[in-house]
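Trainee: Got a structure for you, model-v2.cif, holding mmCIF, C-alpha atoms.
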```
data_query
#
loop_
_atom_site.label_atom_id
_atom_site.label_comp_id
_atom_site.auth_asym_id
_atom_site.auth_seq_id
_atom_site.Cartn_x
_atom_site.Cartn_y
_atom_site.Cartn_z
CA MET S 1 0.00 0.00 0.00
CA SER S 2 1.16 3.48 -0.80
CA ASP S 3 0.61 6.30 1.70
CA HIS S 4 0.94 8.77 -1.10
CA VAL S 5 -2.43 10.15 -2.30
CA GLU S 6 -2.90 10.90 -5.96
CA THR S 7 -5.72 12.43 -8.00
CA PHE S 8 -6.85 10.50 -11.06
CA GLU S 9 -9.12 11.74 -13.81
CA ILE S 10 -11.02 8.96 -15.53
CA ALA S 11 -14.01 9.02 -17.89
CA VAL S 12 -16.88 7.31 -16.09
CA ASN S 13 -20.30 6.94 -17.65
CA GLY S 14 -19.52 9.61 -20.22
CA GLN S 15 -18.22 12.21 -17.77
CA ARG S 16 -14.70 13.03 -16.77
CA ARG S 17 -14.45 12.50 -13.03
CA ARG S 18 -11.68 13.26 -10.58
CA ALA S 19 -11.03 11.62 -7.25
CA ALA S 20 -8.06 11.30 -4.95
CA VAL S 21 -7.01 7.90 -3.64
CA GLU S 22 -3.73 6.27 -2.65
CA ALA S 23 -1.32 6.23 -5.57
CA ASP S 24 -1.50 2.47 -6.15
CA ALA S 25 -5.27 2.19 -5.62
CA THR S 26 -7.36 0.02 -7.88
CA LEU S 27 -10.14 1.34 -10.09
CA LEU S 28 -12.55 -0.32 -7.66
CA THR S 29 -11.23 1.71 -4.74
CA TRP S 30 -11.25 4.85 -6.87
CA LEU S 31 -14.91 4.27 -7.81
CA ARG S 32 -16.21 3.25 -4.40
CA ASP S 33 -14.06 5.21 -1.94
CA GLY S 34 -13.07 8.09 -4.22
CA LEU S 35 -16.29 8.74 -6.16
CA GLN S 36 -18.68 7.05 -3.71
CA ALA S 37 -20.07 5.20 -6.74
CA THR S 38 -21.03 2.06 -4.86
CA GLY S 39 -23.04 0.22 -7.50
CA THR S 40 -19.84 -1.67 -8.26
CA LYS S 41 -19.24 -4.14 -5.42
CA ARG S 42 -16.08 -5.27 -3.68
CA GLY S 43 -16.27 -9.02 -3.07
CA CYS S 44 -13.08 -11.05 -3.10
CA ASN S 45 -10.75 -8.27 -4.32
CA GLN S 46 -8.85 -11.06 -6.11
CA GLY S 47 -10.55 -11.07 -9.49
CA VAL S 48 -12.40 -14.28 -8.75
CA CYS S 49 -15.96 -13.38 -7.77
CA GLY S 50 -16.91 -10.91 -10.49
CA SER S 51 -18.96 -8.53 -8.35
CA CYS S 52 -16.69 -5.62 -9.35
CA THR S 53 -17.08 -6.22 -13.10
CA VAL S 54 -17.30 -2.95 -15.05
CA MET S 55 -17.06 -2.10 -18.73
CA ILE S 56 -13.65 -0.70 -19.69
CA ASP S 57 -13.42 0.45 -23.30
CA GLY S 58 -16.47 -1.68 -24.01
CA TRP S 59 -15.25 -4.94 -22.48
CA PRO S 60 -16.26 -6.37 -19.09
CA GLN S 61 -13.19 -6.27 -16.83
CA ARG S 62 -12.41 -6.51 -13.14
CA ALA S 63 -12.26 -3.12 -11.42
CA CYS S 64 -10.34 -4.78 -8.56
CA LEU S 65 -7.57 -5.92 -10.94
CA SER S 66 -7.23 -2.56 -12.69
CA LEU S 67 -5.02 0.13 -11.21
CA ALA S 68 -6.75 3.52 -11.25
CA ALA S 69 -3.55 5.04 -12.60
CA ALA S 70 -3.74 2.70 -15.60
CA CYS S 71 -7.34 3.75 -16.38
CA GLU S 72 -6.57 7.35 -17.23
CA GLY S 73 -7.55 7.79 -20.87
CA ARG S 74 -9.96 4.87 -20.83
CA GLU S 75 -13.76 4.82 -20.89
CA VAL S 76 -15.27 3.19 -17.82
CA ARG S 77 -18.96 2.36 -17.62
CA THR S 78 -20.54 1.12 -14.42
CA VAL S 79 -24.01 -0.14 -13.66
CA GLU S 80 -25.01 3.44 -12.79
CA GLY S 81 -24.28 4.51 -16.36
CA TYR S 82 -26.99 2.62 -18.19
CA GLY S 83 -30.09 4.71 -17.37
CA ASP S 84 -30.78 5.41 -21.05
CA ASP S 85 -29.79 1.99 -22.36
CA ALA S 86 -32.85 0.00 -23.44
CA VAL S 87 -31.01 -3.33 -23.38
CA MET S 88 -29.74 -2.81 -19.84
CA ARG S 89 -33.13 -1.63 -18.63
CA THR S 90 -34.74 -4.76 -20.06
CA LEU S 91 -32.12 -6.94 -18.37
CA GLN S 92 -32.69 -5.15 -15.07
CA ARG S 93 -36.47 -5.53 -15.28
CA ARG S 94 -36.18 -9.23 -16.16
CA PHE S 95 -33.78 -9.75 -13.24
CA ALA S 96 -36.21 -8.03 -10.86
CA GLU S 97 -39.34 -9.77 -12.15
CA GLY S 98 -37.73 -13.18 -12.38
CA GLY S 99 -36.26 -13.35 -8.89
CA ALA S 100 -32.73 -13.25 -10.30
CA VAL S 101 -31.82 -10.79 -7.54
CA GLN S 102 -31.67 -12.19 -4.04
CA CYS S 103 -29.04 -10.51 -1.87
CA GLY S 104 -28.09 -8.46 -4.95
CA PHE S 105 -24.36 -8.36 -4.34
CA CYS S 106 -23.45 -10.06 -7.62
CA THR S 107 -26.14 -8.32 -9.66
CA SER S 108 -24.28 -5.31 -11.05
CA GLY S 109 -21.42 -7.51 -12.24
CA MET S 110 -23.86 -10.02 -13.73
CA LEU S 111 -25.62 -7.20 -15.60
CA ILE S 112 -22.35 -5.90 -17.08
CA SER S 113 -21.35 -9.36 -18.32
CA ALA S 114 -24.86 -9.99 -19.68
CA ARG S 115 -24.90 -6.61 -21.43
CA ARG S 116 -21.75 -7.47 -23.36
CA LEU S 117 -23.15 -10.90 -24.24
CA LEU S 118 -26.29 -9.37 -25.76
CA ALA S 119 -24.14 -6.99 -27.82
CA ASP S 120 -22.14 -9.92 -29.21
CA SER S 121 -24.96 -12.43 -29.48
CA PRO S 122 -28.49 -10.96 -29.40
CA ARG S 123 -30.17 -14.39 -29.16
CA PRO S 124 -27.83 -16.55 -27.10
CA ASP S 125 -28.71 -20.08 -26.11
CA GLU S 126 -28.49 -21.23 -22.51
CA ALA S 127 -24.95 -22.57 -22.90
CA GLU S 128 -23.75 -19.21 -24.22
CA VAL S 129 -25.38 -17.39 -21.30
CA ARG S 130 -23.77 -19.73 -18.79
CA ALA S 131 -20.37 -19.31 -20.45
CA ALA S 132 -20.69 -15.53 -20.55
CA LEU S 133 -21.61 -15.38 -16.86
CA SER S 134 -19.03 -17.96 -15.76
CA GLY S 135 -16.81 -15.23 -14.33
CA ASN S 136 -19.57 -13.96 -12.03
CA LEU S 137 -20.29 -15.92 -8.88
CA CYS S 138 -23.69 -15.93 -7.17
CA ARG S 139 -24.09 -17.55 -3.79
CA CYS S 140 -27.89 -17.21 -3.56
CA THR S 141 -29.74 -18.18 -6.68
CA GLY S 142 -28.06 -21.29 -8.03
CA TYR S 143 -27.90 -19.30 -11.31
CA LYS S 144 -31.08 -20.72 -12.82
CA LYS S 145 -33.13 -17.54 -12.43
CA ILE S 146 -30.25 -15.35 -13.59
CA VAL S 147 -29.79 -17.41 -16.74
CA ASP S 148 -33.55 -17.38 -17.36
CA ALA S 149 -33.69 -13.59 -16.90
CA VAL S 150 -30.99 -13.07 -19.53
CA LEU S 151 -32.72 -15.45 -21.95
CA LEU S 152 -36.08 -13.73 -21.45
CA ALA S 153 -34.53 -10.29 -21.93
CA ALA S 154 -32.91 -11.47 -25.17
CA GLU S 155 -36.20 -12.90 -26.40
CA GLU S 156 -38.00 -9.66 -25.60
CA LEU S 157 -35.34 -7.51 -27.32
CA ALA S 158 -34.84 -9.67 -30.41
CA PRO S 159 -38.06 -11.63 -30.90
CA MET F 1 1.10 11.12 -15.39
CA SER F 2 1.25 9.41 -12.09
CA ARG F 3 4.61 9.11 -10.39
CA LEU F 4 3.77 5.55 -9.46
CA LEU F 5 2.76 4.31 -12.88
CA HIS F 6 4.71 4.81 -16.07
CA ARG F 7 3.10 4.12 -19.44
CA PRO F 8 5.86 4.13 -22.04
CA GLY F 9 4.98 4.25 -25.72
CA SER F 10 7.80 2.01 -26.94
CA VAL F 11 9.81 -1.01 -25.82
CA ASP F 12 12.97 1.11 -25.72
CA GLU F 13 11.31 3.58 -23.38
CA ALA F 14 10.10 0.74 -21.17
CA LEU F 15 13.62 -0.75 -21.04
CA ALA F 16 15.07 2.64 -20.10
CA LEU F 17 12.53 2.97 -17.29
CA LEU F 18 13.40 -0.49 -16.00
CA ALA F 19 17.10 0.35 -16.12
CA GLU F 20 16.43 3.51 -14.14
CA ARG F 21 14.13 1.83 -11.62
CA PRO F 22 15.13 -1.83 -11.30
CA GLU F 23 12.57 -2.33 -8.54
CA ALA F 24 9.66 -1.38 -10.83
CA ARG F 25 7.13 -4.08 -11.68
CA LEU F 26 6.00 -4.64 -15.25
CA LEU F 27 2.20 -4.40 -15.50
CA ALA F 28 0.63 -6.39 -18.33
CA GLY F 29 -3.08 -7.22 -17.94
CA GLY F 30 -3.00 -6.99 -14.15
CA ALA F 31 -4.89 -10.24 -13.63
CA THR F 32 -2.14 -11.71 -11.45
CA LEU F 33 0.01 -8.75 -10.39
CA VAL F 34 -2.85 -6.60 -9.08
CA ALA F 35 -4.42 -9.59 -7.33
CA MET F 36 -1.08 -10.12 -5.58
CA ARG F 37 -0.95 -6.44 -4.71
CA ASN F 38 -4.45 -6.68 -3.20
CA ALA F 39 -3.37 -9.70 -1.16
CA GLY F 40 -0.39 -7.77 0.20
CA LEU F 41 2.13 -9.99 -1.63
CA VAL F 42 3.47 -7.19 -3.83
CA ASP F 43 4.25 -3.69 -2.65
CA ALA F 44 5.60 -1.96 -5.71
CA SER F 45 6.98 1.55 -5.58
CA ALA F 46 6.68 1.80 -9.36
CA TYR F 47 4.84 0.08 -12.18
CA VAL F 48 5.72 0.14 -15.86
CA ALA F 49 2.48 -0.51 -17.74
CA LEU F 50 2.96 -2.05 -21.17
CA ASP F 51 -0.52 -1.34 -22.58
CA GLY F 52 0.54 1.75 -24.51
CA ILE F 53 3.14 -0.02 -26.66
CA ALA F 54 1.66 -0.72 -30.10
CA GLU F 55 4.24 -3.34 -31.16
CA LEU F 56 3.23 -5.57 -28.24
CA ARG F 57 -0.35 -5.89 -29.44
CA GLY F 58 -1.96 -8.35 -31.82
CA ILE F 59 -1.32 -11.49 -33.83
CA GLU F 60 0.24 -11.38 -37.29
CA GLN F 61 1.25 -13.89 -39.91
CA LEU F 62 4.89 -13.69 -40.99
CA PRO F 63 6.18 -14.16 -44.55
CA ASP F 64 7.29 -17.74 -43.77
CA GLY F 65 3.78 -18.64 -42.58
CA GLY F 66 4.71 -18.53 -38.90
CA LEU F 67 2.91 -16.29 -36.44
CA ARG F 68 4.02 -13.53 -34.16
CA ILE F 69 1.89 -12.94 -31.07
CA GLY F 70 2.61 -9.68 -29.29
CA ALA F 71 3.16 -10.18 -25.58
CA MET F 72 0.23 -7.88 -24.66
CA THR F 73 -2.29 -9.79 -26.77
CA ARG F 74 -5.30 -10.56 -24.57
CA HIS F 75 -6.48 -14.13 -24.10
CA ARG F 76 -9.80 -13.22 -25.75
CA GLU F 77 -8.06 -12.35 -29.01
CA THR F 78 -5.90 -15.48 -28.95
CA ALA F 79 -8.92 -17.66 -28.12
CA THR F 80 -10.75 -16.45 -31.23
CA CYS F 81 -7.84 -16.21 -33.69
CA GLY F 82 -8.48 -18.17 -36.89
CA LEU F 83 -4.75 -18.25 -37.72
CA LEU F 84 -4.27 -20.68 -34.84
CA ARG F 85 -5.34 -23.84 -36.67
CA ASP F 86 -4.11 -27.39 -37.35
CA SER F 87 -0.96 -28.03 -35.29
CA LEU F 88 -1.35 -24.57 -33.66
CA GLU F 89 -5.01 -25.04 -32.66
CA VAL F 90 -3.78 -26.20 -29.24
CA VAL F 91 -2.71 -22.64 -28.42
CA ARG F 92 -6.12 -21.24 -29.31
CA ARG F 93 -7.85 -23.90 -27.22
CA ALA F 94 -5.58 -23.32 -24.23
CA ALA F 95 -6.38 -19.59 -24.39
CA SER F 96 -10.11 -20.33 -24.48
CA MET F 97 -9.87 -22.34 -21.24
CA ILE F 98 -8.12 -19.69 -19.15
CA ALA F 99 -10.23 -18.48 -16.23
CA ASN F 100 -13.45 -16.91 -17.58
CA PRO F 101 -14.52 -14.42 -20.26
CA VAL F 102 -14.00 -11.35 -18.07
CA VAL F 103 -10.46 -12.31 -17.10
CA ARG F 104 -9.73 -13.24 -20.73
CA ASN F 105 -10.55 -9.62 -21.61
CA MET F 106 -7.68 -8.55 -19.33
CA GLY F 107 -4.98 -11.19 -19.17
CA THR F 108 -2.18 -11.32 -21.73
CA MET F 109 -0.03 -14.10 -23.16
CA GLY F 110 3.18 -12.34 -22.19
CA GLY F 111 2.00 -11.72 -18.65
CA SER F 112 0.95 -15.33 -18.20
CA VAL F 113 4.12 -16.79 -19.72
CA ALA F 114 6.47 -14.48 -17.80
CA ASN F 115 4.69 -15.25 -14.53
CA ALA F 116 5.43 -18.96 -15.16
CA ASP F 117 2.70 -20.36 -12.95
CA PRO F 118 3.07 -24.16 -13.26
CA GLY F 119 -0.71 -24.56 -13.40
CA ALA F 120 -1.23 -21.95 -16.14
CA ASP F 121 -2.48 -23.01 -19.56
CA TYR F 122 -0.11 -21.45 -22.08
CA PRO F 123 3.21 -23.03 -21.03
CA ALA F 124 2.37 -26.61 -22.08
CA ALA F 125 0.67 -25.44 -25.29
CA LEU F 126 3.65 -23.29 -26.28
CA VAL F 127 6.19 -26.02 -25.56
CA CYS F 128 4.10 -28.50 -27.57
CA VAL F 129 4.27 -26.32 -30.70
CA ASP F 130 7.94 -25.30 -30.27
CA VAL F 131 7.52 -21.54 -30.00
CA GLU F 132 10.33 -19.11 -29.37
CA LEU F 133 10.03 -16.29 -26.87
CA GLU F 134 11.54 -12.93 -27.76
CA LEU F 135 13.20 -11.19 -24.81
CA ALA F 136 14.22 -7.56 -25.17
CA GLY F 137 16.97 -5.92 -23.12
CA THR F 138 18.97 -2.73 -23.38
CA GLU F 139 21.65 -4.72 -25.25
CA GLY F 140 19.21 -6.00 -27.87
CA ARG F 141 16.79 -8.84 -28.40
CA ARG F 142 17.27 -12.58 -28.13
CA ARG F 143 15.07 -15.60 -28.64
CA VAL F 144 14.67 -18.46 -26.21
CA PRO F 145 12.87 -21.73 -27.02
CA ALA F 146 9.79 -22.15 -24.83
CA ALA F 147 11.21 -25.45 -23.53
CA ALA F 148 14.21 -23.58 -22.06
CA PHE F 149 12.27 -20.63 -20.64
CA VAL F 150 11.16 -21.96 -17.25
CA GLN F 151 14.26 -22.82 -15.24
CA ASP F 152 12.89 -23.50 -11.77
CA TRP F 153 9.74 -22.81 -9.77
CA TYR F 154 8.65 -19.33 -10.91
CA GLU F 155 12.13 -18.71 -12.31
CA THR F 156 12.57 -17.99 -16.00
CA ALA F 157 15.24 -17.11 -18.54
CA LEU F 158 14.28 -13.43 -18.20
CA GLU F 159 17.24 -11.46 -16.87
CA PRO F 160 16.66 -8.42 -14.65
CA GLY F 161 15.72 -5.50 -16.89
CA GLU F 162 14.45 -7.69 -19.74
CA ILE F 163 10.93 -7.68 -21.16
CA LEU F 164 9.14 -10.55 -22.90
CA THR F 165 7.99 -8.85 -26.10
CA ALA F 166 6.67 -11.50 -28.47
CA ILE F 167 5.94 -15.18 -28.98
CA PHE F 168 7.01 -16.63 -32.35
CA LEU F 169 5.13 -19.70 -33.58
CA PRO F 170 6.25 -21.93 -36.45
CA PRO F 171 3.96 -22.21 -39.50
CA PRO F 172 0.97 -24.47 -38.77
CA ARG F 173 1.47 -28.06 -39.94
CA THR F 174 -1.41 -30.06 -41.35
CA GLY F 175 -2.93 -32.12 -38.61
CA ARG F 176 -4.83 -31.75 -35.36
CA SER F 177 -3.96 -30.44 -31.95
CA THR F 178 -5.79 -29.93 -28.71
CA TYR F 179 -5.47 -29.04 -25.05
CA ARG F 180 -7.01 -31.08 -22.25
CA LYS F 181 -7.10 -29.64 -18.77
CA LEU F 182 -7.78 -31.53 -15.59
CA ALA F 183 -9.13 -28.97 -13.10
CA ARG F 184 -11.48 -28.88 -10.14
CA VAL F 185 -13.85 -26.54 -11.96
CA SER F 186 -13.67 -25.12 -15.44
CA GLY F 187 -11.50 -22.01 -15.48
CA ASP F 188 -9.37 -23.01 -12.49
CA TYR F 189 -5.63 -23.50 -12.79
CA ALA F 190 -4.80 -27.01 -13.95
CA ILE F 191 -4.12 -29.92 -11.62
CA ALA F 192 -2.42 -31.28 -14.73
CA SER F 193 -2.86 -30.55 -18.40
CA CYS F 194 -1.89 -32.06 -21.72
CA ALA F 195 -1.11 -30.23 -24.95
CA MET F 196 -0.93 -32.54 -27.97
CA ALA F 197 -0.40 -32.22 -31.71
CA LEU F 198 -0.69 -34.98 -34.32
CA THR F 199 0.85 -34.27 -37.71
CA GLY F 200 1.96 -36.33 -40.71
CA GLY F 201 0.09 -38.94 -42.73
CA GLN F 202 -2.05 -41.71 -41.35
CA GLY F 203 0.10 -44.67 -40.35
CA ASP F 204 3.14 -42.41 -40.06
CA GLU F 205 1.82 -39.88 -37.60
CA GLU F 206 4.11 -37.76 -35.49
CA ILE F 207 3.05 -36.80 -32.01
CA ALA F 208 4.10 -33.87 -29.85
CA VAL F 209 3.04 -33.86 -26.20
CA ALA F 210 3.67 -31.45 -23.35
CA ILE F 211 2.36 -31.85 -19.81
CA GLY F 212 1.57 -28.87 -17.60
CA GLY F 213 1.10 -28.61 -13.83
CA CYS F 214 3.50 -31.40 -12.89
CA GLY F 215 6.74 -29.53 -12.32
CA PRO F 216 8.16 -26.01 -12.52
CA GLY F 217 7.75 -25.99 -16.30
CA PRO F 218 6.08 -28.18 -18.91
CA LEU F 219 7.32 -31.75 -19.42
CA ARG F 220 8.26 -32.97 -22.87
CA ASP F 221 10.30 -35.93 -24.12
CA VAL F 222 11.12 -35.53 -27.81
CA GLY F 223 12.97 -38.86 -27.93
CA ALA F 224 10.00 -40.80 -26.58
CA GLU F 225 7.78 -38.99 -29.10
CA ALA F 226 10.07 -40.06 -31.97
CA ALA F 227 9.98 -43.68 -30.76
CA LEU F 228 6.20 -43.55 -31.07
CA ARG F 229 6.17 -42.40 -34.69
CA GLY F 230 3.80 -44.55 -36.73
CA ARG F 231 2.97 -46.65 -33.62
CA LEU F 232 0.30 -44.51 -32.03
CA ASP F 233 -2.23 -47.31 -32.05
CA ASP F 234 0.06 -49.57 -30.04
CA PRO F 235 -1.17 -49.20 -26.42
CA GLY F 236 2.16 -50.41 -25.04
CA ALA F 237 4.10 -47.81 -27.01
CA LEU F 238 1.73 -45.05 -25.90
CA ALA F 239 2.07 -46.15 -22.29
CA ALA F 240 5.86 -45.90 -22.68
CA LEU F 241 5.51 -42.24 -23.65
CA GLY F 242 3.31 -41.66 -20.61
CA GLU F 243 5.91 -43.30 -18.35
CA ALA F 244 8.71 -41.27 -19.95
CA LEU F 245 6.82 -38.10 -19.04
CA VAL F 246 6.21 -39.37 -15.49
CA ALA F 247 9.97 -39.84 -15.16
CA LEU F 248 10.48 -36.14 -15.97
CA ALA F 249 7.82 -34.94 -13.55
CA ASP F 250 8.56 -33.11 -10.32
CA PRO F 251 5.10 -32.39 -8.94
CA ILE F 252 4.19 -30.92 -5.57
CA ASP F 253 1.30 -31.41 -3.16
CA ASP F 254 -0.95 -28.38 -3.26
CA VAL F 255 -4.53 -27.37 -2.61
CA ARG F 256 -5.57 -28.84 -5.98
CA ALA F 257 -4.09 -32.33 -5.75
CA SER F 258 -1.28 -34.39 -4.28
CA ALA F 259 2.00 -34.98 -6.09
CA ASP F 260 1.23 -38.70 -6.13
CA TYR F 261 -2.11 -38.12 -7.82
CA ARG F 262 -0.42 -36.02 -10.50
CA LEU F 263 2.11 -38.77 -11.23
CA ARG F 264 -0.67 -41.31 -11.61
CA VAL F 265 -2.75 -39.13 -13.86
CA ILE F 266 -0.10 -38.22 -16.46
CA PRO F 267 -0.28 -41.44 -18.56
CA ARG F 268 -4.08 -41.40 -18.40
CA LEU F 269 -4.15 -37.77 -19.48
CA VAL F 270 -1.95 -38.56 -22.48
CA ARG F 271 -4.23 -41.41 -23.51
CA ALA F 272 -7.40 -39.35 -23.00
CA THR F 273 -6.02 -36.46 -25.04
CA LEU F 274 -5.10 -38.79 -27.90
CA ASP F 275 -8.64 -40.21 -27.73
CA ASP F 276 -9.98 -36.65 -27.99
CA LEU F 277 -8.02 -36.08 -31.20
CA ARG F 278 -9.03 -39.47 -32.63
CA SER F 279 -12.72 -38.88 -32.01
CA GLU F 280 -12.49 -35.38 -33.50
CA ARG F 281 -11.00 -36.89 -36.63
CA ARG F 282 -13.71 -39.54 -36.84
CA ALA F 283 -16.37 -36.84 -36.43
CA ALA F 284 -14.81 -34.64 -39.13
#
```
Since I need it in another form, could you write the structure as structure tokens?
Mentor:
Amino acid sequence: MSDHVETFEIAVNGQRRRAAVEADATLLTWLRDGLQATGTKRGCNQGVCGSCTVMIDGWPQRACLSLAAACEGREVRTVEGYGDDAVMRTLQRRFAEGGAVQCGFCTSGMLISARRLLADSPRPDEAEVRAALSGNLCRCTGYKKIVDAVLLAAEELAP
Amino acid sequence: MSRLLHRPGSVDEALALLAERPEARLLAGGATLVAMRNAGLVDASAYVALDGIAELRGIEQLPDGGLRIGAMTRHRETATCGLLRDSLEVVRRAASMIANPVVRNMGTMGGSVANADPGADYPAALVCVDVELELAGTEGRRRVPAAAFVQDWYETALEPGEILTAIFLPPPRTGRSTYRKLARVSGDYAIASCAMALTGGQGDEEIAVAIGGCGPGPLRDVGAEAALRGRLDDPGALAALGEALVALADPIDDVRASADYRLRVIPRLVRATLDDLRSERRAA
């Protein structure tokens, strides 16, 4: 850990944001503790659980494995940044209606991974959904309702 | 520009930074290094991030038909690269089995190879297809065969101040190749793994086999492979190759499996991987 505090300017959800954190802080720390943008969750902090998954330059990546200093000049999009995105709103509604959210801790990371999947493959089959979400752990649902929610959202968006 | 993190635009600049700050850590995709930092295992006073160096990115075909993979090429790109076919397909398949899609968007071939985790997926695949690793230093560049890269547990041929810049693959040879991983769950590091390529005509097939996860670096016995040429359907001959690889193994007990289990599984893994390739050929 570095005691030295540094200010980083990173594009988040279309806006340039500045926050000061320790010089070697991760993007996750910068988002949560610097910006107080807490939609992105800190689970294992080891890149395993997926609850910190955010979009960086259009690809789902781990905020806990990204140094904030290395994100200057990149486009970060978090779950808070999808208010006007019809695909994400459909995913969110299907998650809520289908009981795919229990404790909710994994949900924002699941949504980011699912959003990328639907960009790449608008009508995925179940195996594709499971593969796309395989980097996001859920300890409540057993995954069935999450997978169903993504499949129903895809069907609704691309009938 | 942060004082902690440097983002050079060229390999020469990166080498100069490393020469100036020998304690700096090279940051590739971050999938391992930042996890270690979060666990308190790395406390770096400087990082040299390699993501801004254009020559380290991407996969290209060379005039001789071989391939050059830039060290910063992400697993996702390698896992979907159509140039990795026939005898080189094993590299594409190994990439597609690393961790999960999100980590494959981050992790790089150079980062994984340089980290030399015995349970990682690339080392066996790269030894199986006889790649060369390009190492750049302030004195110039040199190439090291993959089989000579890992020298001990987590120790490699990289000298202080050197950077792994590219992976050079030979031209693909007509045939089939695959990667079989024995792991507790899909995406975990391997308990043991087998990279295999079959080339040459039917009845005179050549086999190349490398085993991962059973020693500091991949295991390969070129002599035992040559003895098996044209005799792949002889179970006794195949078992001899398995035993030759067991004799090279130096496994450890860890959270994934015991050393004894790994020794027992090597010959079975070789046989199962050959069966995979045979059934793929029948299905084709």
Trainee: So which residues touch segment 167-182 of chain F within 7 Å, counting all atoms listed in the file, skipping near sequence neighbours fewer than 4 positions away, as JSON, numbers by chain?
Mentor: {"F": [65, 66, 67, 68, 69, 70, 71, 85, 86, 87, 88, 89, 90, 93, 94, 131, 132, 133, 134, 190, 191, 192, 193, 194, 195, 196, 197, 198, 199, 200, 273, 277]}
Trainee: For chain S against chain F, with a cut-off of 7 Å and counting all atoms listed in the file, what is the closest atom pair and its distance in Å to one decimal for every residue that makes the cut, ordered by chain and number, as JSON lines?
Mentor:
```
{"residue": "S:Met1", "atom": "CA", "partner": "F:Asp43", "partner_atom": "CA", "distance": 6.2}
{"residue": "S:Ala23", "atom": "CA", "partner": "F:Leu4", "partner_atom": "CA", "distance": 6.4}
{"residue": "S:Asp24", "atom": "CA", "partner": "F:Leu4", "partner_atom": "CA", "distance": 6.9}
{"residue": "S:Asn45", "atom": "CA", "partner": "F:Asn38", "partner_atom": "CA", "distance": 6.6}
{"residue": "S:Gln46", "atom": "CA", "partner": "F:Ala35", "partner_atom": "CA", "distance": 4.8}
{"residue": "S:Gly47", "atom": "CA", "partner": "F:Ala35", "partner_atom": "CA", "distance": 6.7}
{"residue": "S:Trp59", "atom": "CA", "partner": "F:Asn105", "partner_atom": "CA", "distance": 6.7}
{"residue": "S:Pro60", "atom": "CA", "partner": "F:Val102", "partner_atom": "CA", "distance": 5.6}
{"residue": "S:Gln61", "atom": "CA", "partner": "F:Val102", "partner_atom": "CA", "distance": 5.3}
{"residue": "S:Leu65", "atom": "CA", "partner": "F:Val34", "partner_atom": "CA", "distance": 5.1}
{"residue": "S:Ser66", "atom": "CA", "partner": "F:Gly30", "partner_atom": "CA", "distance": 6.3}
{"residue": "S:Ala69", "atom": "CA", "partner": "F:Leu5", "partner_atom": "CA", "distance": 6.4}
{"residue": "S:Ala132", "atom": "CA", "partner": "F:Pro101", "partner_atom": "CA", "distance": 6.3}
{"residue": "S:Ser134", "atom": "CA", "partner": "F:Asn100", "partner_atom": "CA", "distance": 6.0}
{"residue": "S:Gly135", "atom": "CA", "partner": "F:Asn100", "partner_atom": "CA", "distance": 5.0}
```
Trainee: Can you spit out the residues from that selection as a compact mmCIF listing (two decimals), in the frame of the given file, using C-alpha atoms?
Mentor:
```txt
# COMPACT_ATOMS: atom_id res chain seq x y z
CA MET S 1 0.00 0.00 0.00
CA ALA S 23 -1.32 6.23 -5.57
CA ASP S 24 -1.50 2.47 -6.15
CA ASN S 45 -10.75 -8.27 -4.32
CA GLN S 46 -8.85 -11.06 -6.11
CA GLY S 47 -10.55 -11.07 -9.49
CA TRP S 59 -15.25 -4.94 -22.48
CA PRO S 60 -16.26 -6.37 -19.09
CA GLN S 61 -13.19 -6.27 -16.83
CA LEU S 65 -7.57 -5.92 -10.94
CA SER S 66 -7.23 -2.56 -12.69
CA ALA S 69 -3.55 5.04 -12.60
CA ALA S 132 -20.69 -15.53 -20.55
CA SER S 134 -19.03 -17.96 -15.76
CA GLY S 135 -16.81 -15.23 -14.33
```
Trainee: To one decimal place in Å, what is the distance between atom CA of Arg18 of chain S and atom CA of Gly39 of chain S?
Mentor: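 Calculated distance between atom CA of Arg18 of chain S and atom CA of Gly39 of chain S is 17.6 Å.
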Trainee: So how far away is atom CA of Glu75 of chain S from atom CA of Gly9 of chain F, in Å?
Mentor: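 These two atoms are separated by 19.4 Å.
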Trainee: Which is closest to Ala120 of chain F among F:Gly223, F:Thr108, F:Tyr189, F:Leu164, if we use only C-alpha atoms?
Mentor: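 Looking at the shortest contact to Ala120 of chain F, the residue is F:Tyr189.
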Trainee: Please determine the residues with any atom at most 7 Å from (11.7, -22.6, -28.0) (coordinates as given in the file, with all atoms listed in the file counting) and report them as a VMD selection string.
Mentor: chain F and resid 127 130 to 133 144 to 148
Trainee: With the input short on atoms, add N, CA and C atoms back to segment 149-153 of chain S and write it as a PDB file, keeping the file's coordinate frame.
Mentor:
```pdb
ATOM      1  N   ALA S 149     -33.431 -15.025 -16.716  1.00  0.00           N
ATOM      2  CA  ALA S 149     -33.690 -13.590 -16.900  1.00  0.00           C
ATOM      3  C   ALA S 149     -32.977 -13.070 -18.134  1.00  0.00           C
ATOM      4  N   VAL S 150     -31.740 -13.521 -18.345  1.00  0.00           N
ATOM      5  CA  VAL S 150     -30.990 -13.070 -19.530  1.00  0.00           C
ATOM      6  C   VAL S 150     -31.657 -13.608 -20.797  1.00  0.00           C
ATOM      7  N   LEU S 151     -32.067 -14.865 -20.777  1.00  0.00           N
ATOM      8  CA  LEU S 151     -32.720 -15.450 -21.950  1.00  0.00           C
ATOM      9  C   LEU S 151     -34.033 -14.745 -22.265  1.00  0.00           C
ATOM     10  N   LEU S 152     -34.800 -14.412 -21.221  1.00  0.00           N
ATOM     11  CA  LEU S 152     -36.080 -13.730 -21.450  1.00  0.00           C
ATOM     12  C   LEU S 152     -35.852 -12.305 -21.961  1.00  0.00           C
ATOM     13  N   ALA S 153     -34.835 -11.641 -21.439  1.00  0.00           N
ATOM     14  CA  ALA S 153     -34.530 -10.290 -21.930  1.00  0.00           C
ATOM     15  C   ALA S 153     -34.136 -10.351 -23.399  1.00  0.00           C
TER      16      ALA S 153
END
```
